[in-house]
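Only one structure is covered here, and it is reproduced in the block below.
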Amino acid sequence: MTAETEAGTSTGATGTSGPFVFGVDSGGSGLRVALGTIGTSAPVGTTVCAEPVRTGPAGIDAGHLLEQLLPAARRLLERHGGGDGSEIAAVAIGAAGMATLGGQLRAELPSALESVLGVCQLALAADAVTAYAGAVGQRPGAVVAGGTGMIALGTDLTSWRRADGWGHLLGDSGGGAWIGRAGLDAGMRAHDGRRGGSAALLARLEAMFGPAPELPGLLYPRTDRPAVLASFAPEVAACAGHDPVAAGILREAAGHIAEVAAAVCPKAVADDEPCEVALTGGLFRMGDPLLVPLREELSRQLPQARTVPGSGDPLTGALAIAQALAAGDLRLPRDPALLCVPGYGPGQERE
């Protein structure tokens with residue numbers, strides 16, 4: 001199932017001329033595709049394929065991705081004047097799990113896209129890299145992507161540094177699942193009469209999930225436990241203004257988020273430019289209950305940095321990478337797992 005939307009500088013089915021580029025974002029909610037040109041930053045058209053790309057024993061399924069991407073790409077080209085065999089100068093595909101599960105994509109997509117669409121150049125990126133490109137661009141800095149989980153990525157434009165993103169059992173400290181679990185823990189403590197409990201969070205727990213003693217039976221069999229935990233994070237934020245336990249959870253989360261940013265932020269950039277730290281993802285839509293302590297922690301732990309709002313999402317970043325690659329101006333560092341440009345090894349990088 002796809003749904004196409006007009007975007008950016010689209011001038012209709014015959015008003016756009018190539019060469020074209022594609023940006024692709026593959027995540028848990030489906031596959032998104034943006035068509036653009038080299039000289040214009042905004043997409044001329046976008047489409048959404050609602051089915052997420054499958055992951056199997058060999059990693060992300062390259063065949064399933066192509067089954068969705070190729071028809072979507074053809075429709076966008078036909079709709080926006082590229083159905084006449086116009087050159088596709090570059091494609092950038094960002095995918096959740098690319099770093100560890102992208103082996104099949106790296107092995108199969110270059111030849112498949114060249115033979116079917118005539119793609120000249122291809123970049124395969126982790127979704128953290130496309131989030132970075134969408135939020136920071138091609139400047140030194142760091143991006144903290146917070147949602148159910150938590151991951152940070154930074155670069156001085158020579159190499160990448162990653163911190164966290166290890167999942168709710170091993171990390172993702174300060175993310176939505178972490179906040180939600182801490183809030184549920186405080187509610188259960190109040191139910192038991194233990195220290196550190198919150199009557200306010202217990203009330204919200206029972207309003208959402210029912211009687212507290214039944215929560216383990218509801219939660220533990222779920223395969224989507226991180227999402228269920230994260231669903232309680234807004235309740236923690238809602239209680240923070242009048243409940244010191246909830247406020248303390250968000251202060252601790254802010255400390256973790258600042259730590260992950262400090263771990264990846266470049267130690268030195270140009271003398272007159274502070275390091276930019278961009279915050280992206282749904283977690284930061286919680287607003288002041290989280291952002292106020294987070295700004296304090298960032299100021300304390302990263303006094304040399306400037307916090308900026310994310311200016312684009314991973315699809316925007318994927319399109320920007322494709323446009324830079326096509327123009328011979330991709331300055332983000334290549335990396336075998338994080339940003340792979342097939343055909344360009346360490347001795348073949350473009351300046």
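In the structure tokens, the first chain shown is A, the next is B, and so on; residue numbers restart at 1 for each chain, and ligands run from 1 in the order shown.
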
Mind checking DSSP for region 120-181 of chain A and telling me the strand (DSSP E or B) residues as a VMD selection string?
chain A and resid 121 to 126 141 to 146 150 to 155 160 to 164

Save out the residues we just selected, C-alpha atoms, as a compact mmCIF listing (two decimals), in the first residue's frame.
# COMPACT_ATOMS: atom_id res chain seq x y z
CA GLN A 121 25.82 6.14 -7.47
CA LEU A 122 24.45 4.60 -4.26
CA ALA A 123 24.89 5.32 -0.57
CA LEU A 124 23.69 2.93 2.14
CA ALA A 125 23.39 4.51 5.56
CA ALA A 126 22.31 3.70 9.08
CA GLY A 141 28.49 18.14 15.38
CA ALA A 142 26.28 15.58 17.03
CA VAL A 143 22.73 14.37 16.85
CA VAL A 144 20.78 12.76 19.67
CA ALA A 145 17.83 10.75 18.40
CA GLY A 146 15.35 10.05 21.16
CA MET A 150 18.14 6.58 22.60
CA ILE A 151 21.17 6.87 20.33
CA ALA A 152 23.70 9.58 19.62
CA LEU A 153 26.01 10.01 16.65
CA GLY A 154 28.72 12.60 16.15
CA THR A 155 31.44 13.39 13.67
CA TRP A 160 31.95 8.77 13.34
CA ARG A 161 31.39 8.27 17.05
CA ARG A 162 28.32 6.39 18.26
CA ALA A 163 26.97 6.04 21.78
CA ASP A 164 24.11 3.91 23.13

Please build the interface table for region 220-326 of chain A against region 32-50 of chain A with a cut-off of 8 Å, listing for each qualifying residue the nearest atom pair and the distance in Å to one decimal; count only C-alpha atoms, order rows by chain and increasing number, and write it as a tab-separated table.
residue	atom	partner	partner_atom	distance
A:Leu315	CA	A:Arg32	CA	7.0
A:Leu319	CA	A:Ala34	CA	6.7
A:Ala320	CA	A:Ser41	CA	7.0
A:Gln323	CA	A:Ile38	CA	5.1
A:Ala324	CA	A:Ile38	CA	7.8
A:Ala326	CA	A:Ile38	CA	6.8

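When CA of Gly255 (chain A) is paired with CA of Arg306 (chain A), their separation reads 16.6 Å.
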
Env of region 196-198 of chain A: 12 Å cut, atoms = only C-alpha atoms, seq-sep filter 2 positions within chain, self excluded. Answer as a count of residues only.
30

Counting only C-alpha atoms, give me one row per residue of region 105-161 of chain A with an atom at most 9 Å from an atom of region 215-231 of chain A, showing the shortest contact pair and its distance in Å to one decimal, sorted by chain then residue number, as JSON lines.
{"residue": "A:Gly147", "atom": "CA", "partner": "A:Ala230", "partner_atom": "CA", "distance": 8.2}
{"residue": "A:Thr148", "atom": "CA", "partner": "A:Ala230", "partner_atom": "CA", "distance": 5.5}
{"residue": "A:Gly149", "atom": "CA", "partner": "A:Pro226", "partner_atom": "CA", "distance": 8.1}

Would you please give, as a PDB file with C-alpha atoms, in the first residue's frame, all residues of region 108-275 of chain A that DSSP assigns to alpha helix (DSSP H) based on the backbone?
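Produced file states.pdb, reproduced below:
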ATOM      1  CA  GLU A 108      22.642  -6.960  -3.532  1.00  0.00           C
ATOM      2  CA  LEU A 109      21.357  -3.408  -3.947  1.00  0.00           C
ATOM      3  CA  PRO A 110      24.195  -1.804  -5.959  1.00  0.00           C
ATOM      4  CA  SER A 111      23.879  -4.141  -8.956  1.00  0.00           C
ATOM      5  CA  ALA A 112      20.081  -4.400  -8.683  1.00  0.00           C
ATOM      6  CA  LEU A 113      19.502  -0.649  -8.711  1.00  0.00           C
ATOM      7  CA  GLU A 114      22.022  -0.123 -11.490  1.00  0.00           C
ATOM      8  CA  SER A 115      20.457  -2.768 -13.734  1.00  0.00           C
ATOM      9  CA  VAL A 116      16.807  -1.853 -13.118  1.00  0.00           C
ATOM     10  CA  LEU A 117      16.898   1.929 -12.662  1.00  0.00           C
ATOM     11  CA  ASP A 127      19.204   5.622  10.075  1.00  0.00           C
ATOM     12  CA  ALA A 128      21.282   7.489  12.682  1.00  0.00           C
ATOM     13  CA  VAL A 129      23.410   8.862   9.819  1.00  0.00           C
ATOM     14  CA  THR A 130      20.398  10.027   7.818  1.00  0.00           C
ATOM     15  CA  ALA A 131      19.006  11.569  11.014  1.00  0.00           C
ATOM     16  CA  TYR A 132      22.333  13.383  11.417  1.00  0.00           C
ATOM     17  CA  ALA A 133      22.292  14.606   7.814  1.00  0.00           C
ATOM     18  CA  GLY A 134      18.715  15.814   8.191  1.00  0.00           C
ATOM     19  CA  ALA A 135      19.348  17.583  11.490  1.00  0.00           C
ATOM     20  CA  GLY A 176      11.104   6.751  26.232  1.00  0.00           C
ATOM     21  CA  ALA A 177      11.200   3.119  27.377  1.00  0.00           C
ATOM     22  CA  TRP A 178      13.700   4.033  30.118  1.00  0.00           C
ATOM     23  CA  ILE A 179      11.494   6.886  31.381  1.00  0.00           C
ATOM     24  CA  GLY A 180       8.352   4.785  31.194  1.00  0.00           C
ATOM     25  CA  ARG A 181       9.931   1.868  33.053  1.00  0.00           C
ATOM     26  CA  ALA A 182      11.219   4.207  35.776  1.00  0.00           C
ATOM     27  CA  GLY A 183       7.742   5.689  36.118  1.00  0.00           C
ATOM     28  CA  LEU A 184       6.114   2.279  36.366  1.00  0.00           C
ATOM     29  CA  ASP A 185       8.709   1.243  38.924  1.00  0.00           C
ATOM     30  CA  ALA A 186       7.832   4.298  41.029  1.00  0.00           C
ATOM     31  CA  GLY A 187       4.148   3.412  40.778  1.00  0.00           C
ATOM     32  CA  MET A 188       4.779  -0.169  41.868  1.00  0.00           C
ATOM     33  CA  ARG A 189       6.899   1.084  44.774  1.00  0.00           C
ATOM     34  CA  ALA A 190       3.983   3.207  45.926  1.00  0.00           C
ATOM     35  CA  HIS A 191       1.685   0.175  45.676  1.00  0.00           C
ATOM     36  CA  ASP A 192       4.098  -1.825  47.877  1.00  0.00           C
ATOM     37  CA  ALA A 199       1.141   7.869  44.434  1.00  0.00           C
ATOM     38  CA  ALA A 200       0.567  10.067  41.374  1.00  0.00           C
ATOM     39  CA  LEU A 201       2.335   7.613  39.075  1.00  0.00           C
ATOM     40  CA  LEU A 202       0.521   4.688  40.679  1.00  0.00           C
ATOM     41  CA  ALA A 203      -2.786   6.375  39.877  1.00  0.00           C
ATOM     42  CA  ARG A 204      -1.723   6.908  36.246  1.00  0.00           C
ATOM     43  CA  LEU A 205      -0.444   3.307  36.029  1.00  0.00           C
ATOM     44  CA  GLU A 206      -3.811   1.930  37.142  1.00  0.00           C
ATOM     45  CA  ALA A 207      -5.713   4.293  34.859  1.00  0.00           C
ATOM     46  CA  MET A 208      -3.729   2.989  31.852  1.00  0.00           C
ATOM     47  CA  PHE A 209      -3.197  -0.673  32.684  1.00  0.00           C
ATOM     48  CA  LEU A 215       0.723  -5.362  35.359  1.00  0.00           C
ATOM     49  CA  PRO A 216       3.403  -8.099  35.159  1.00  0.00           C
ATOM     50  CA  GLY A 217       0.963 -10.470  33.494  1.00  0.00           C
ATOM     51  CA  LEU A 218       0.053  -7.793  30.974  1.00  0.00           C
ATOM     52  CA  LEU A 219       3.597  -6.635  30.261  1.00  0.00           C
ATOM     53  CA  ARG A 225       7.609  -4.344  25.613  1.00  0.00           C
ATOM     54  CA  PRO A 226       9.812  -1.323  24.774  1.00  0.00           C
ATOM     55  CA  ALA A 227       6.871   0.421  23.094  1.00  0.00           C
ATOM     56  CA  VAL A 228       4.555  -0.409  26.000  1.00  0.00           C
ATOM     57  CA  LEU A 229       7.083   0.976  28.486  1.00  0.00           C
ATOM     58  CA  ALA A 230       7.535   4.106  26.363  1.00  0.00           C
ATOM     59  CA  ALA A 233       6.668   8.234  29.489  1.00  0.00           C
ATOM     60  CA  PRO A 234       4.128  11.017  28.716  1.00  0.00           C
ATOM     61  CA  GLU A 235       2.391  10.181  31.992  1.00  0.00           C
ATOM     62  CA  VAL A 236       5.668  10.799  33.827  1.00  0.00           C
ATOM     63  CA  ALA A 237       5.967  14.166  32.087  1.00  0.00           C
ATOM     64  CA  ALA A 238       2.359  15.033  32.934  1.00  0.00           C
ATOM     65  CA  CYS A 239       3.016  14.360  36.633  1.00  0.00           C
ATOM     66  CA  PRO A 244       8.842  15.274  42.844  1.00  0.00           C
ATOM     67  CA  VAL A 245       9.438  11.614  41.981  1.00  0.00           C
ATOM     68  CA  ALA A 246       8.318  12.125  38.375  1.00  0.00           C
ATOM     69  CA  ALA A 247      10.386  15.310  38.143  1.00  0.00           C
ATOM     70  CA  GLY A 248      13.389  13.412  39.474  1.00  0.00           C
ATOM     71  CA  ILE A 249      12.986  10.713  36.810  1.00  0.00           C
ATOM     72  CA  LEU A 250      13.097  13.349  34.074  1.00  0.00           C
ATOM     73  CA  ARG A 251      16.128  15.035  35.655  1.00  0.00           C
ATOM     74  CA  GLU A 252      17.927  11.698  35.665  1.00  0.00           C
ATOM     75  CA  ALA A 253      16.878  11.069  32.050  1.00  0.00           C
ATOM     76  CA  ALA A 254      18.241  14.503  31.121  1.00  0.00           C
ATOM     77  CA  GLY A 255      21.562  13.576  32.680  1.00  0.00           C
ATOM     78  CA  HIS A 256      21.749  10.399  30.614  1.00  0.00           C
ATOM     79  CA  ILE A 257      20.863  12.257  27.408  1.00  0.00           C
ATOM     80  CA  ALA A 258      23.536  14.885  28.040  1.00  0.00           C
ATOM     81  CA  GLU A 259      26.065  12.118  28.739  1.00  0.00           C
ATOM     82  CA  VAL A 260      25.368  10.406  25.433  1.00  0.00           C
ATOM     83  CA  ALA A 261      25.707  13.732  23.601  1.00  0.00           C
ATOM     84  CA  ALA A 262      29.002  14.469  25.366  1.00  0.00           C
ATOM     85  CA  ALA A 263      30.323  11.038  24.400  1.00  0.00           C
ATOM     86  CA  VAL A 264      30.013  11.727  20.660  1.00  0.00           C
TER      87      VAL A 264
END
